[in-house]
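Asker: Sending over my_file.csv (CSV, C-alpha atoms).
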chain,number,residue,atom,x,y,z
A,1,PHE,CA,0.0,0.0,0.0
A,2,ASN,CA,1.0,3.7,-0.2
A,3,GLY,CA,1.5,4.4,3.4
A,4,LEU,CA,-0.6,4.3,6.6
A,5,PHE,CA,-1.0,8.0,6.4
A,6,TRP,CA,-3.6,7.8,3.6
A,7,PHE,CA,-5.6,5.4,5.8
A,8,ILE,CA,-5.3,6.9,9.2
A,9,LEU,CA,-5.9,10.5,8.1
A,10,PRO,CA,-9.4,10.1,6.5
A,11,VAL,CA,-10.6,7.6,9.1
A,12,SER,CA,-9.5,9.8,12.0
A,13,LEU,CA,-11.2,12.8,10.4
A,14,ILE,CA,-14.6,11.1,10.2
A,15,ILE,CA,-14.2,10.0,13.8
A,16,CYS,CA,-13.2,13.5,14.9
A,17,ASN,CA,-16.2,15.0,13.0
A,18,ASP,CA,-18.6,12.6,14.6
A,19,ILE,CA,-17.3,13.2,18.1
A,20,THR,CA,-17.1,17.0,17.9
A,21,ALA,CA,-20.5,17.3,16.2
A,22,TYR,CA,-22.0,15.5,19.1
A,23,ILE,CA,-20.1,17.7,21.7
A,24,TRP,CA,-20.9,21.0,20.0
A,25,GLY,CA,-24.5,19.9,19.5
A,26,PHE,CA,-24.9,18.7,23.0
A,27,PHE,CA,-23.8,22.0,24.6
A,28,PHE,CA,-24.8,24.6,22.0
A,29,GLY,CA,-27.3,22.9,19.7
A,30,ARG,CA,-30.5,24.8,19.2
A,31,THR,CA,-31.3,24.7,15.4
A,32,SER,CA,-32.2,21.5,13.7
A,33,LEU,CA,-30.0,20.7,10.7
A,34,ILE,CA,-32.1,18.1,8.8
A,35,LYS,CA,-35.3,16.3,9.5
A,36,LEU,CA,-33.8,12.9,8.7
A,37,SER,CA,-31.6,13.2,11.7
A,38,PRO,CA,-33.5,15.3,14.4
A,39,LYS,CA,-30.5,15.3,16.8
A,40,LYS,CA,-28.1,16.9,14.3
A,41,THR,CA,-28.0,20.7,14.6
A,42,TRP,CA,-26.4,23.6,12.7
A,43,GLU,CA,-24.4,24.5,15.8
A,44,GLY,CA,-23.0,21.0,15.9
A,45,PHE,CA,-22.3,21.0,12.2
A,46,ILE,CA,-20.4,24.3,12.2
A,47,GLY,CA,-18.5,23.5,15.4
A,48,ALA,CA,-17.5,20.1,14.0
A,49,PHE,CA,-16.4,21.8,10.7
A,50,ILE,CA,-14.0,24.1,12.5
A,51,SER,CA,-12.7,21.4,14.9
A,52,THR,CA,-12.2,18.9,12.1
A,53,VAL,CA,-10.2,21.3,9.8
A,54,ILE,CA,-8.0,22.3,12.7
A,55,PHE,CA,-7.5,18.6,13.7
A,56,ALA,CA,-6.7,17.7,10.1
A,57,TYR,CA,-3.9,20.2,10.0
A,58,PHE,CA,-2.2,19.1,13.2
A,59,ILE,CA,-2.7,15.3,12.9
A,60,SER,CA,-1.3,15.3,9.4
A,61,GLY,CA,1.8,17.3,10.7
A,62,PHE,CA,2.2,14.6,13.4
A,63,LEU,CA,1.8,11.6,11.1
A,64,GLY,CA,4.1,13.2,8.5
A,65,LYS,CA,7.1,13.1,10.9
A,66,TYR,CA,7.3,9.3,11.0
A,67,ASP,CA,8.4,6.9,8.3
A,68,ILE,CA,6.0,4.2,9.7
A,69,PHE,CA,3.1,6.3,8.5
A,70,THR,CA,4.4,7.8,5.3
A,71,CYS,CA,6.5,5.0,3.7
A,72,PRO,CA,4.8,2.7,1.2
A,73,LYS,CA,5.2,-0.9,2.3
A,74,THR,CA,5.6,-3.6,-0.4
A,75,GLU,CA,6.0,-6.6,2.0
A,76,LEU,CA,3.7,-7.7,4.7
A,77,PHE,CA,6.4,-8.9,7.1
A,78,GLY,CA,10.1,-8.1,7.6
A,79,ALA,CA,10.6,-5.1,5.3
A,80,PRO,CA,11.7,-2.0,7.3
A,81,TYR,CA,9.9,1.3,7.1
A,82,ASP,CA,12.7,3.1,5.2
A,83,CYS,CA,12.0,5.1,2.1
A,84,PRO,CA,13.3,8.3,0.3
A,85,SER,CA,11.9,11.5,1.7
A,86,GLN,CA,8.8,12.5,-0.3
A,87,TYR,CA,8.0,16.0,-1.3
A,88,LEU,CA,4.7,16.1,0.6
A,89,PHE,CA,6.4,15.1,3.8
A,90,LYS,CA,9.4,17.6,3.7
A,91,LYS,CA,9.0,20.7,5.7
A,92,HIS,CA,8.6,23.9,3.6
A,93,TYR,CA,8.6,27.5,4.6
A,94,TYR,CA,5.8,29.7,3.3
A,95,PRO,CA,5.7,33.6,3.5
A,96,VAL,CA,3.2,34.9,6.0
A,97,PRO,CA,0.6,37.3,4.4
A,98,GLU,CA,1.5,40.9,4.8
A,99,VAL,CA,-1.7,41.7,6.8
A,100,LEU,CA,-0.8,39.0,9.4
A,101,HIS,CA,2.8,40.1,9.5
A,102,GLU,CA,1.8,43.7,10.2
A,103,LEU,CA,-0.8,42.6,12.8
A,104,PHE,CA,1.7,40.5,14.8
A,105,SER,CA,4.4,43.3,14.5
A,106,VAL,CA,2.1,45.5,16.5
A,107,PHE,CA,2.6,43.1,19.4
A,108,GLY,CA,6.4,43.0,18.9
A,109,LEU,CA,6.3,39.6,17.1
A,110,ASN,CA,8.4,39.2,13.9
A,111,TRP,CA,6.5,36.5,12.1
A,112,ASP,CA,7.8,36.2,8.5
A,113,THR,CA,7.4,32.6,7.5
A,114,TRP,CA,5.1,29.6,8.3
A,115,ALA,CA,6.8,26.2,8.4
A,116,CYS,CA,4.7,23.1,7.6
A,117,TYR,CA,4.5,20.0,5.4
A,118,PRO,CA,2.8,20.5,2.0
A,119,VAL,CA,0.6,17.5,2.9
A,120,GLN,CA,-0.9,19.6,5.7
A,121,TRP,CA,-2.6,21.8,3.1
A,122,TYR,CA,-4.0,18.7,1.5
A,123,ALA,CA,-5.2,17.5,4.9
A,124,VAL,CA,-7.1,20.8,5.3
A,125,GLY,CA,-9.0,19.9,2.1
A,126,PHE,CA,-9.7,16.4,3.6
A,127,GLY,CA,-11.1,18.1,6.7
A,128,VAL,CA,-13.4,20.3,4.7
A,129,PHE,CA,-14.7,17.2,2.8
A,130,ALA,CA,-15.1,15.2,6.0
A,131,SER,CA,-17.1,18.0,7.5
A,132,THR,CA,-19.4,19.0,4.7
A,133,ILE,CA,-19.8,16.2,2.1
A,134,ALA,CA,-19.1,13.0,4.0
A,135,PRO,CA,-21.9,13.5,6.6
A,136,PHE,CA,-24.4,13.2,3.8
A,137,GLY,CA,-23.5,9.5,3.8
A,138,GLY,CA,-24.9,9.5,7.3
A,139,PHE,CA,-28.0,11.4,6.3
A,140,LEU,CA,-28.6,8.9,3.5
A,141,ALA,CA,-28.3,6.0,6.0
A,142,SER,CA,-30.7,7.8,8.3
A,143,GLY,CA,-33.1,8.0,5.5
A,144,PHE,CA,-33.0,4.3,4.9
A,145,LYS,CA,-33.5,3.6,8.6
A,146,ARG,CA,-36.4,6.0,8.9
A,147,ALA,CA,-38.0,4.5,5.8
A,148,TYR,CA,-37.9,1.0,7.2
A,149,GLY,CA,-38.8,2.1,10.7
A,150,PHE,CA,-35.7,1.1,12.8
A,151,LYS,CA,-33.2,3.1,14.7
A,152,ASP,CA,-29.9,1.3,13.9
A,153,PHE,CA,-28.6,-1.3,11.4
A,154,GLY,CA,-27.3,-3.5,14.2
A,155,ASP,CA,-26.5,-3.6,17.9
A,156,LEU,CA,-22.9,-4.7,18.0
A,157,ILE,CA,-21.6,-1.5,19.5
A,158,PRO,CA,-23.8,-0.3,22.5
A,159,GLY,CA,-25.1,3.2,21.9
A,160,HIS,CA,-23.8,3.3,18.4
A,161,GLY,CA,-25.5,0.5,16.5
A,162,GLY,CA,-23.8,-1.9,14.2
A,163,ILE,CA,-20.8,-1.7,11.9
A,164,ILE,CA,-22.8,-0.1,9.0
A,165,ASP,CA,-23.9,2.6,11.4
A,166,ARG,CA,-20.2,3.5,12.0
A,167,MET,CA,-19.2,3.2,8.3
A,168,ASP,CA,-21.9,5.3,6.6
A,169,CYS,CA,-19.6,8.4,6.3
A,170,GLN,CA,-16.4,6.4,5.9
A,171,VAL,CA,-17.7,5.0,2.6
A,172,MET,CA,-17.8,8.5,1.0
A,173,MET,CA,-14.6,9.5,2.7
A,174,SER,CA,-12.7,6.4,1.3
A,175,ALA,CA,-14.0,7.1,-2.2
A,176,PHE,CA,-12.8,10.7,-2.0
A,177,THR,CA,-9.4,9.6,-0.6
A,178,TYR,CA,-9.0,7.1,-3.5
A,179,VAL,CA,-9.8,9.6,-6.2
A,180,PHE,CA,-7.7,12.4,-4.6
A,181,PHE,CA,-4.7,10.2,-4.1
A,182,LEU,CA,-4.7,9.0,-7.7
A,183,THR,CA,-5.3,12.4,-9.1
A,184,PHE,CA,-3.1,14.7,-7.1
A,185,VAL,CA,-0.5,12.5,-5.3
A,186,ASP,CA,0.2,9.3,-7.2
A,187,ALA,CA,0.0,11.1,-10.6
A,188,THR,CA,3.0,13.3,-9.5
A,189,HIS,CA,5.0,10.3,-8.6
A,190,ARG,CA,4.5,8.7,-12.0
A,191,SER,CA,5.6,11.8,-13.9
A,192,THR,CA,9.2,12.1,-15.2
A,193,TYR,CA,9.8,14.9,-12.7
A,194,GLY,CA,8.6,12.7,-9.9
A,195,VAL,CA,10.7,9.7,-11.0
A,196,VAL,CA,13.9,11.8,-11.2
A,197,ASN,CA,13.3,13.3,-7.8
A,198,SER,CA,12.7,9.8,-6.3
A,199,ILE,CA,16.0,8.5,-7.9
A,200,LEU,CA,18.0,11.5,-6.6
A,201,ALA,CA,16.6,10.9,-3.1
A,202,LEU,CA,18.0,7.3,-3.1
A,203,PRO,CA,21.3,6.6,-1.3
A,204,LEU,CA,24.3,6.6,-3.6
A,205,HIS,CA,24.8,2.8,-3.7
A,206,GLN,CA,21.1,2.3,-4.7
A,207,GLN,CA,21.5,4.9,-7.5
A,208,LEU,CA,24.6,3.1,-8.8
A,209,ASP,CA,22.7,-0.2,-8.6
A,210,LEU,CA,19.9,1.3,-10.6
A,211,LEU,CA,22.3,2.7,-13.2
A,212,SER,CA,23.9,-0.7,-13.6
A,213,LYS,CA,20.5,-2.4,-14.1
A,214,LEU,CA,19.4,0.3,-16.6
A,215,GLN,CA,22.7,-0.2,-18.6
A,216,GLU,CA,22.0,-4.0,-18.7
A,217,THR,CA,18.5,-3.4,-19.9
A,218,LEU,CA,19.3,-0.7,-22.5
A,219,GLN,CA,22.4,-2.4,-23.9
A,220,PRO,CA,20.5,-4.6,-26.3
A,221,ILE,CA,18.6,-1.6,-27.6
A,222,THR,CA,21.7,0.5,-28.2
A,223,HIS,CA,23.5,-2.3,-30.0
A,224,GLY,CA,20.5,-3.3,-32.0
Turn the structure described in the file into structure tokens.
Answerer:
Amino acid sequence: FNGLFWFILPVSLIICNDITAYIWGFFFGRTSLIKLSPKKTWEGFIGAFISTVIFAYFISGFLGKYDIFTCPKTELFGAPYDCPSQYLFKKHYYPVPEVLHELFSVFGLNWDTWACYPVQWYAVGFGVFASTIAPFGGFLASGFKRAYGFKDFGDLIPGHGGIIDRMDCQVMMSAFTYVFFLTFVDATHRSTYGVVNSILALPLHQQLDLLSKLQETLQPITHG
């Protein structure tokens, strides 16, 4: 697979959104969000949106530090988590907008750059999707349950229902993750630019080994 990061991030965002929507709704919920789910409120929806986007930024920064989460693993057992540094998981420095720079300078703070992993900006997009679109998977499931007159799809998890009750939003999130990864992440790795960067990131002995194998492969073509 392509790294635990791309599994843990979307799953954790849905869990975070569920929990924070409940908490915000419990304490501040006043306005019903949708008739299919009477307990869901606008206050819970908006609070969960803010909480999930913030959580996405910081959890992706944490996961991006460790090879065990970011390295693709080609063998089930035995292979170490050791891979070349990927662009998305290398810390970059971005200029702070002039407005914020001037605002902080009023308090005597010199804030010129913002350091983070590029993947953290992707994670913010994941957080937005998990908070705005993925919940409609839950609304759809609620519609089915209401139509057939039962509260939950199962009773495996006390207070939460069955496995399907926990997976309704995860289905939409997993589809989004798959399309996003193939379109914006994996496509970059397959480009010439991505291949060259991956080769240059290899240790010297692996680069020499690759060069030797390429020469063996291309030799019949050059002498043909």
Asker: So how far away is atom CA of A:Ala123 from atom CA of A:Trp42, in Å?
Answerer: 23.4 Å
Asker: So that I can see what lies close to A:Leu33, please list as a list in words the residues with an atom at most 10 Å from it, counting only C-alpha atoms and leaving out residues fewer than 6 positions away in the same chain.
Answerer: Lys39, Lys40, Thr41, Trp42, Glu43, Gly44 and Phe45 of chain A
Asker: For a cutoff of 8 Å around the file-coordinate point (5.6, 38.9, 6.5), which residues qualify once you count all atoms listed in the file? I'd like the result as a ChimeraX atom specification.
Answerer: /A:95-102,110-113
Asker: Check the smallest atom-to-atom distance from each of A:Gly29, A:Gly125, A:Gly61, A:Pro135 to A:Lys91 using all atoms listed in the file, then report the winner.
Answerer: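 Nearest candidate to A:Lys91 out of A:Gly29, A:Gly125, A:Gly61, A:Pro135: A:Gly61.
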Asker: Can you tell me, as a PyMOL selection string, what residues are no more than 8 Å from A:Leu13 when counting all atoms listed in the file, ignoring any on the same chain fewer than 2 positions away?
Answerer: chain A and resi 9-11+15-17+52+55-56+126-127+130
Asker: Would you output that residue set with C-alpha atoms, as a PDB file, keeping the file's coordinate frame?
Answerer:
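Final output, again-v3.pdb:
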ATOM      1  CA  LEU A   9      -5.900  10.500   8.100  1.00  0.00           C
ATOM      2  CA  PRO A  10      -9.400  10.100   6.500  1.00  0.00           C
ATOM      3  CA  VAL A  11     -10.600   7.600   9.100  1.00  0.00           C
ATOM      4  CA  ILE A  15     -14.200  10.000  13.800  1.00  0.00           C
ATOM      5  CA  CYS A  16     -13.200  13.500  14.900  1.00  0.00           C
ATOM      6  CA  ASN A  17     -16.200  15.000  13.000  1.00  0.00           C
ATOM      7  CA  THR A  52     -12.200  18.900  12.100  1.00  0.00           C
ATOM      8  CA  PHE A  55      -7.500  18.600  13.700  1.00  0.00           C
ATOM      9  CA  ALA A  56      -6.700  17.700  10.100  1.00  0.00           C
ATOM     10  CA  PHE A 126      -9.700  16.400   3.600  1.00  0.00           C
ATOM     11  CA  GLY A 127     -11.100  18.100   6.700  1.00  0.00           C
ATOM     12  CA  ALA A 130     -15.100  15.200   6.000  1.00  0.00           C
TER      13      ALA A 130
END
Asker: By how many Å are atom CA of A:Ala115 and atom CA of A:Met173 apart?
Answerer: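 Value for the atom CA of A:Ala115-atom CA of A:Met173 distance: 27.7 Å.
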Asker: Could you tell me how far atom CA of A:Leu208 lies from atom CA of A:His92, in Å and to one decimal?
Answerer: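 For atom CA of A:Leu208 relative to atom CA of A:His92, the distance reads 29.0 Å.
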Asker: So, with only C-alpha atoms as the atoms that count, which of A:Phe26, A:Tyr93, A:Tyr122, A:Phe107 lies closest to A:Ile59?
Answerer: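 The answer is A:Tyr122, which sits nearest to A:Ile59.
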Asker: Smallest atom-to-atom distance to A:Val124: which of A:Gln206, A:Ser37, A:Arg30, A:Ser60, using only C-alpha atoms?
Answerer: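 Closest candidate: A:Ser60.
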